[in-house]
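A.B. asks: Here you go, this is query_8.cif (mmCIF, C-alpha atoms and all ligand atoms).
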```cif
data_structure
#
loop_
_atom_site.label_atom_id
_atom_site.label_comp_id
_atom_site.auth_asym_id
_atom_site.auth_seq_id
_atom_site.Cartn_x
_atom_site.Cartn_y
_atom_site.Cartn_z
CA MET A 130 71.91 -3.69 20.88
CA PRO A 131 73.83 -4.69 24.05
CA ARG A 132 71.63 -4.90 27.15
CA THR A 133 71.03 -1.57 28.81
CA ARG A 134 68.48 -0.36 31.36
CA PHE A 135 66.37 0.80 28.42
CA ASP A 136 64.56 -2.46 27.88
CA LYS A 137 61.00 -1.31 27.19
CA ILE A 138 60.68 0.82 24.09
CA GLU A 139 57.40 2.06 22.63
CA TRP A 140 57.28 4.12 19.44
CA VAL A 141 53.90 5.56 18.41
CA ALA A 142 52.84 7.55 15.35
CA GLU A 143 51.33 10.40 17.34
CA THR A 144 50.77 11.55 20.89
CA GLY A 145 50.32 14.77 22.85
CA SER A 146 53.72 14.79 24.54
CA THR A 147 56.05 11.88 25.22
CA ASN A 148 57.15 13.64 28.43
CA GLN A 149 53.57 13.84 29.62
CA ASP A 150 53.03 10.16 28.74
CA ALA A 151 56.19 9.11 30.58
CA LEU A 152 55.19 11.13 33.67
CA ALA A 153 51.79 9.40 33.64
CA ALA A 154 53.56 6.03 33.35
CA ALA A 155 55.84 6.99 36.26
CA ALA A 156 52.82 7.90 38.39
CA ALA A 157 51.29 4.53 37.52
CA GLY A 158 54.43 2.75 38.76
CA ALA A 159 56.34 2.05 35.52
CA GLN A 160 59.91 0.94 36.03
CA GLU A 161 63.11 2.79 35.22
CA GLY A 162 64.15 2.26 31.63
CA LEU A 163 60.86 2.92 29.84
CA VAL A 164 61.49 4.72 26.53
CA LEU A 165 58.64 6.47 24.71
CA LEU A 166 59.06 7.75 21.17
CA ALA A 167 56.64 9.47 18.81
CA ASP A 168 56.75 10.47 15.15
CA TYR A 169 54.65 13.51 15.95
CA GLN A 170 53.53 15.42 19.03
CA THR A 171 50.43 17.60 19.15
CA ALA A 172 51.39 19.26 22.46
CA GLY A 173 55.18 18.94 22.66
CA ARG A 174 56.64 20.75 25.64
CA GLY A 175 59.78 22.88 25.67
CA ARG A 176 61.77 24.57 28.42
CA LEU A 177 60.42 27.69 30.12
CA ASN A 178 56.82 26.67 29.40
CA ARG A 179 57.31 26.90 25.66
CA THR A 180 55.87 24.51 23.10
CA TRP A 181 58.10 22.24 21.03
CA GLU A 182 57.13 21.72 17.42
CA ALA A 183 58.56 19.37 14.84
CA PRO A 184 57.25 18.20 11.45
CA ARG A 185 55.81 14.67 11.36
CA GLY A 186 58.48 11.96 11.21
CA ALA A 187 61.32 14.46 11.03
CA SER A 188 62.79 14.28 14.54
CA VAL A 189 63.68 11.95 17.32
CA LEU A 190 61.05 12.86 19.93
CA VAL A 191 61.85 10.73 22.93
CA SER A 192 61.37 10.54 26.69
CA VAL A 193 63.00 8.13 29.10
CA LEU A 194 61.88 7.32 32.61
CA LEU A 195 64.61 7.24 35.26
CA ARG A 196 64.34 6.45 38.92
CA PRO A 197 67.50 8.25 39.93
CA SER A 198 69.97 7.23 42.56
CA VAL A 199 71.48 10.74 42.62
CA GLY A 200 70.50 13.39 45.18
CA PRO A 201 67.96 16.17 44.45
CA ASN A 202 70.78 18.68 43.89
CA GLU A 203 72.40 16.46 41.33
CA LEU A 204 69.46 15.86 39.02
CA PHE A 205 71.08 18.07 36.38
CA LEU A 206 73.54 15.21 35.84
CA LEU A 207 70.72 13.25 34.19
CA THR A 208 70.10 15.92 31.56
CA ALA A 209 73.81 16.57 31.14
CA ALA A 210 74.37 12.87 30.43
CA CYS A 211 71.49 12.90 27.95
CA ALA A 212 73.17 15.75 26.06
CA VAL A 213 76.64 14.19 26.07
CA ALA A 214 75.17 10.87 24.89
CA ALA A 215 73.29 12.60 22.08
CA ARG A 216 76.45 14.37 20.98
CA GLN A 217 78.31 11.05 20.93
CA ALA A 218 75.51 9.28 19.05
CA VAL A 219 75.24 12.02 16.42
CA ALA A 220 79.01 12.01 15.83
CA GLU A 221 79.07 8.22 15.54
CA VAL A 222 76.09 7.87 13.19
CA THR A 223 76.46 11.00 11.03
CA GLY A 224 80.00 12.31 11.51
CA VAL A 225 78.52 15.69 12.49
CA GLU A 226 80.25 17.26 15.51
CA LEU A 227 77.86 19.25 17.65
CA ALA A 228 78.59 21.37 20.72
CA LEU A 229 76.76 21.68 24.02
CA LYS A 230 75.27 24.96 25.17
CA TRP A 231 74.18 25.49 28.79
CA PRO A 232 71.98 24.16 30.11
CA ASN A 233 71.56 21.31 27.62
CA ASP A 234 71.09 22.37 24.03
CA LEU A 235 72.95 20.66 21.23
CA ILE A 236 74.07 23.27 18.77
CA TRP A 237 75.94 23.48 15.50
CA VAL A 238 78.58 26.16 15.27
CA ALA A 239 78.80 27.58 11.75
CA PRO A 240 82.18 28.57 10.26
CA ASP A 241 81.30 32.25 10.90
CA GLY A 242 80.73 31.47 14.61
CA GLY A 243 76.94 31.65 14.38
CA THR A 244 75.02 28.90 16.15
CA ARG A 245 71.91 26.86 15.30
CA LYS A 246 70.00 24.62 17.68
CA VAL A 247 69.78 20.93 16.72
CA ALA A 248 68.34 19.46 19.92
CA GLY A 249 66.76 20.52 23.19
CA ILE A 250 66.24 18.62 26.41
CA LEU A 251 63.52 18.96 29.03
CA ALA A 252 63.58 17.08 32.33
CA GLU A 253 60.44 16.88 34.43
CA SER A 254 60.10 15.22 37.83
CA HIS A 255 57.39 13.09 39.33
CA VAL A 256 57.46 14.12 42.97
CA VAL A 257 55.84 12.15 45.79
CA GLY A 258 55.78 14.10 49.05
CA SER A 259 59.16 15.76 49.09
CA ASN A 260 60.89 12.95 47.18
CA VAL A 261 61.73 12.84 43.52
CA ASP A 262 60.13 9.51 42.67
CA ALA A 263 61.02 9.59 38.97
CA VAL A 264 62.60 11.88 36.43
CA VAL A 265 61.50 12.00 32.82
CA VAL A 266 64.20 13.23 30.46
CA GLY A 267 62.78 14.25 27.09
CA MET A 268 64.72 15.20 23.99
CA GLY A 269 63.73 16.60 20.64
CA LEU A 270 66.50 16.10 18.07
CA ASN A 271 66.06 17.52 14.57
CA VAL A 272 67.02 14.73 12.16
CA ASN A 273 65.41 14.88 8.69
CA TRP A 274 63.89 18.29 8.28
CA PRO A 275 62.45 19.75 5.07
CA ALA A 276 64.81 21.86 2.96
CA ASP A 277 62.74 24.98 3.37
CA LEU A 278 62.36 26.08 6.94
CA PRO A 279 60.32 29.16 7.80
CA ASP A 280 62.72 32.16 8.03
CA ASP A 281 62.32 32.57 11.80
CA LEU A 282 63.23 28.90 12.35
CA ALA A 283 66.02 28.83 9.75
CA ALA A 284 67.76 31.61 11.66
CA ILE A 285 67.97 29.63 14.90
CA ALA A 286 67.66 25.91 14.11
CA THR A 287 68.97 23.23 11.77
CA ALA A 288 68.80 19.45 11.39
CA LEU A 289 71.22 16.59 10.91
CA ASN A 290 70.25 15.98 7.26
CA HIS A 291 71.12 19.59 6.43
CA LEU A 292 74.47 19.28 8.18
CA SER A 293 75.46 15.88 6.78
CA GLY A 294 73.98 16.26 3.30
CA LYS A 295 71.94 13.06 3.52
CA ASP A 296 68.91 11.60 5.27
CA ILE A 297 69.68 9.88 8.57
CA ASP A 298 68.00 6.74 9.95
CA ARG A 299 66.36 7.79 13.22
CA ASN A 300 66.62 4.22 14.57
CA ASP A 301 70.40 4.33 14.32
CA ILE A 302 70.50 7.54 16.33
CA VAL A 303 68.15 6.18 19.00
CA VAL A 304 70.06 2.91 19.41
CA ALA A 305 73.45 4.66 19.70
CA TRP A 306 72.03 7.31 22.04
CA LEU A 307 70.46 4.79 24.44
CA ARG A 308 73.73 2.82 24.57
CA HIS A 309 75.81 5.91 25.37
CA TYR A 310 73.21 7.26 27.79
CA ASP A 311 73.21 4.03 29.77
CA GLU A 312 77.03 4.02 29.95
CA LEU A 313 77.14 7.65 31.13
CA LEU A 314 74.41 7.05 33.73
CA GLN A 315 76.54 4.24 35.10
CA LEU A 316 79.47 6.66 35.43
CA ILE A 317 77.23 9.08 37.34
CA GLU A 318 75.73 6.44 39.59
CA ASN A 319 79.13 5.29 40.78
CA SER A 320 80.58 7.90 43.16
CA SER A 321 84.12 6.95 42.17
CA THR A 322 83.51 7.75 38.47
CA ARG A 323 81.16 10.72 38.75
CA ALA A 324 84.01 13.24 38.59
CA GLN A 325 85.10 11.62 35.32
CA PHE A 326 81.68 12.36 33.86
CA LEU A 327 81.70 15.96 35.09
CA GLU A 328 85.07 16.54 33.43
CA LEU A 329 83.74 15.13 30.16
CA TYR A 330 80.66 17.34 30.35
CA ALA A 331 82.51 20.54 31.28
CA ALA A 332 84.99 19.93 28.44
CA GLN A 333 82.15 19.76 25.90
CA LEU A 334 80.17 22.69 27.27
CA MET A 335 81.26 25.48 24.98
CA THR A 336 79.37 28.07 27.08
CA LEU A 337 82.22 28.23 29.60
CA GLY A 338 84.59 31.08 28.77
CA GLN A 339 82.09 32.79 26.45
CA THR A 340 80.61 36.25 26.63
CA VAL A 341 76.91 35.48 26.93
CA ARG A 342 73.59 37.27 26.95
CA VAL A 343 71.55 35.85 29.82
CA GLU A 344 67.77 36.13 29.47
CA THR A 345 65.82 35.28 32.61
CA ALA A 346 62.12 35.86 33.29
CA ASN A 347 62.99 39.18 34.98
CA GLU A 348 66.03 40.62 33.23
CA THR A 349 68.57 40.39 30.44
CA PHE A 350 72.26 41.10 30.94
CA ILE A 351 75.60 40.41 29.30
CA GLY A 352 78.44 38.76 31.20
CA VAL A 353 81.12 36.11 31.00
CA ALA A 354 80.23 32.46 31.75
CA LYS A 355 82.86 31.37 34.27
CA GLN A 356 82.06 27.90 35.55
CA LEU A 357 79.47 25.35 36.59
CA THR A 358 78.44 24.94 40.20
CA ALA A 359 78.22 21.49 41.78
CA ASN A 360 74.49 21.46 41.05
CA GLY A 361 74.80 22.49 37.43
CA HIS A 362 74.04 26.20 37.74
CA LEU A 363 76.01 28.64 35.61
CA LEU A 364 78.25 31.23 37.28
CA VAL A 365 78.33 34.40 35.21
CA GLN A 366 80.60 37.36 35.91
CA TYR A 367 78.53 40.53 35.49
CA GLU A 368 80.51 43.72 36.10
CA ASN A 369 81.87 43.29 39.64
CA GLU A 370 79.54 40.55 40.77
CA GLU A 371 79.25 36.83 40.15
CA ARG A 372 75.68 35.73 39.44
CA GLU A 373 74.48 32.16 39.79
CA ILE A 374 72.00 31.35 37.03
CA THR A 375 69.53 28.53 37.61
CA VAL A 376 66.96 28.96 34.81
CA ALA A 377 67.53 31.10 31.73
CA ASP A 378 68.16 31.26 28.05
CA VAL A 379 71.77 31.91 27.22
CA VAL A 380 72.97 33.35 23.91
CA HIS A 381 76.64 32.93 23.03
CA LEU A 382 78.02 36.24 21.82
CA ARG A 383 81.73 35.52 21.42
CA PRO A 384 84.63 33.81 23.18
CA HIS A 385 85.84 36.00 26.05
CA GLU A 386 89.18 37.68 25.27
C1 LIG A 401 63.80 22.82 24.88
O1 LIG A 401 62.94 23.69 25.02
O2 LIG A 401 64.92 23.09 24.42
C2 LIG A 401 63.51 21.40 25.28
C3 LIG A 401 62.62 20.71 24.29
C4 LIG A 401 62.31 19.27 24.64
C5 LIG A 401 61.37 18.64 23.62
C6 LIG A 401 61.19 17.17 23.82
S1 LIG A 401 60.42 16.40 22.43
C7 LIG A 401 60.21 14.91 23.32
C8 LIG A 401 59.84 15.30 24.74
N1 LIG A 401 58.40 15.44 24.86
C9 LIG A 401 58.04 16.71 25.09
O3 LIG A 401 56.86 17.12 25.20
N2 LIG A 401 59.13 17.50 25.16
C10 LIG A 401 60.36 16.73 25.01
#
```
As a first step, turn the structure in this file into structure tokens.
Ligand code: BTN

C.D. replies:
Amino acid sequence: MPRTRFDKIEWVAETGSTNQDALAAAAAGAQEGLVLLADYQTAGRGRLNRTWEAPRGASVLVSVLLRPSVGPNELFLLTAACAVAARQAVAEVTGVELALKWPNDLIWVAPDGGTRKVAGILAESHVVGSNVDAVVVGMGLNVNWPADLPDDLAAIATALNHLSGKDIDRNDIVVAWLRHYDELLQLIENSSTRAQFLELYAAQLMTLGQTVRVETANETFIGVAKQLTANGHLLVQYENEEREITVADVVHLRPHE
């Protein structure tokens, strides 16, 4: 693998949460570029305080430690780059083309337009005073899942082996993903190439232009996803008003006519 910032990689059989481990490492002074992987997590964390479950050895469960040189309002770029890199790595290794759903899910779009989640991303910050000292970006990517998924999961999720018809080597995915992630982070870190990254991201984000159901902690409404703000929030047209969404689940209903 060509040299990247990801030069310290630890892969364990089992842990509570790789995000939690990476945050502890950040607090203890670990350098940018630490990569923690696990075959199984007993307390995997998802967005919106959910848990994240995956069968043993079936997923890439990974967290990277970054010490970002982007401003606090631009931290979403780190998760966006993680998603774009994962999409690139999956296409390269398996030939499967995934799409991005706001904020950072990787989804498969079925021929009938239905969607299934293949990966989710959770960023957590280690804050010292009012400064973001480190950001841990964690990803769970479904790679080799059993044929029979429980009905509730089968309705919303799938895995790369189901999409490509064969088992996939998780190492190959990790190596390709880290290479792409490093390249994209370099684009972001350089102010003259950051716009190039944002264009790439917006072009892959299939949420824009869709009629969406937005589910926040307080309400659910249906609107049209219009654009991304400079800090990665989603602007949704709801009746006569434009709403800026910071944290929510978004369900794609159909392309907006
Ligand atoms: C989501 O809810 O969509 C985000 C899920 C993120 C899960 C990954 S698995 C590896 C890393 N460690 C964790 O505890 N969570 C993230």

A.B. asks: Pick out the residues sitting within 9 Å of Asn290 in chain A, and hand them over as a list of chain:residue names; count all atoms listed in the file, and ignore anything fewer than 6 positions along from it in its own chain.

C.D. replies: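 These residues fall inside the cut-off: A:Thr223, A:Asn271, A:Val272, A:Asn273, A:Trp274, A:Pro275, A:Asp296, A:Ile297.
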
A.B. asks: List every protein, DNA or RNA residue with an atom no more than 10 Å from (56.8, 14.5, 14.1) in the file's coordinates, counting only C-alpha atoms, and format the result as a VMD selection string.

C.D. replies: chain A and resid 142 to 144 167 to 171 173 182 to 190 269 271 274

A.B. asks: State, in Å with one decimal place, the distance from CA of Asn202 in chain A to CA of Asn360 in chain A.

C.D. replies: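 If I compute the distance from CA of Asn202 in chain A to CA of Asn360 in chain A, I get 5.4 Å.
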
A.B. asks: Under the rule of at most 8 Å, produce a per-residue listing of range 221-261 of chain A near range 151-161 of chain A: chain, number, name, the closest pair of atoms, and the distance in Å, as a Markdown table, using all atoms listed in the file.

C.D. replies:
```
| residue | atom | partner | partner_atom | distance |
| --- | --- | --- | --- | --- |
| A:Glu253 | CA | A:Leu152 | CA | 7.8 |
| A:Ser254 | CA | A:Leu152 | CA | 7.6 |
| A:His255 | CA | A:Leu152 | CA | 6.4 |
```

A.B. asks: Measuring atom to atom with only C-alpha atoms and all ligand atoms, identify which of A:Asn233, A:Gln217, A:Thr340, A:Ser198 is nearest to ligand LIG 401 (chain A).

C.D. replies: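 Among A:Asn233, A:Gln217, A:Thr340, A:Ser198, it is A:Asn233 that comes nearest to ligand LIG 401 (chain A).
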
A.B. asks: Point out the residue among A:Glu371, A:Glu328, A:Asp150, A:Asp280 with the least atom-to-atom distance to ligand LIG 401 (chain A), counting all atoms listed in the file.

C.D. replies: A:Asp150

A.B. asks: Rank A:Val238, A:Val261, A:Leu316, A:Ala359 by their smallest atom-to-atom distance to Arg383 in chain A, using only C-alpha atoms, and report the top residue only.

C.D. replies: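 Nearest to Arg383 in chain A: A:Val238.
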
A.B. asks: Please identify all protein, DNA and RNA residues within 7 Å of ligand LIG 401 (chain A), counting all atoms listed in the file, and report them as a ChimeraX atom specification.

C.D. replies: /A:146-149,172-177,179,181,190-192,234,248-251,267-269

A.B. asks: Between A:Asp277, A:Val213, A:Gly200, A:Phe350, which one has atoms that come closest to Ser320 in chain A, using only C-alpha atoms?

C.D. replies: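 Among A:Asp277, A:Val213, A:Gly200, A:Phe350, it is A:Gly200 that comes nearest to Ser320 in chain A.
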
A.B. asks: Ranking A:Val343, A:Leu195, A:Ala305, A:Ala286 by minimum distance to Trp231 in chain A and counting only C-alpha atoms, which one comes first?

C.D. replies: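 Residue with the minimum atom-to-atom distance to Trp231 in chain A: A:Val343.
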
A.B. asks: At what distance in Å, to one decimal, does CA of Ala210 in chain A lie from CA of Tyr330 in chain A?

C.D. replies: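 So the two atoms, CA of Tyr330 in chain A and CA of Ala210 in chain A, lie 7.7 Å apart.
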
A.B. asks: Rank nothing, just name the residue among A:Ala215, A:Gly361, A:Thr208, A:Leu235 nearest to Arg308 in chain A, using only C-alpha atoms.

C.D. replies: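 Closest candidate: A:Ala215.
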
A.B. asks: In Å to one decimal, how far is CA of Glu221 in chain A from CA of Lys137 in chain A?

C.D. replies: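 These atoms are spaced 23.5 Å apart.
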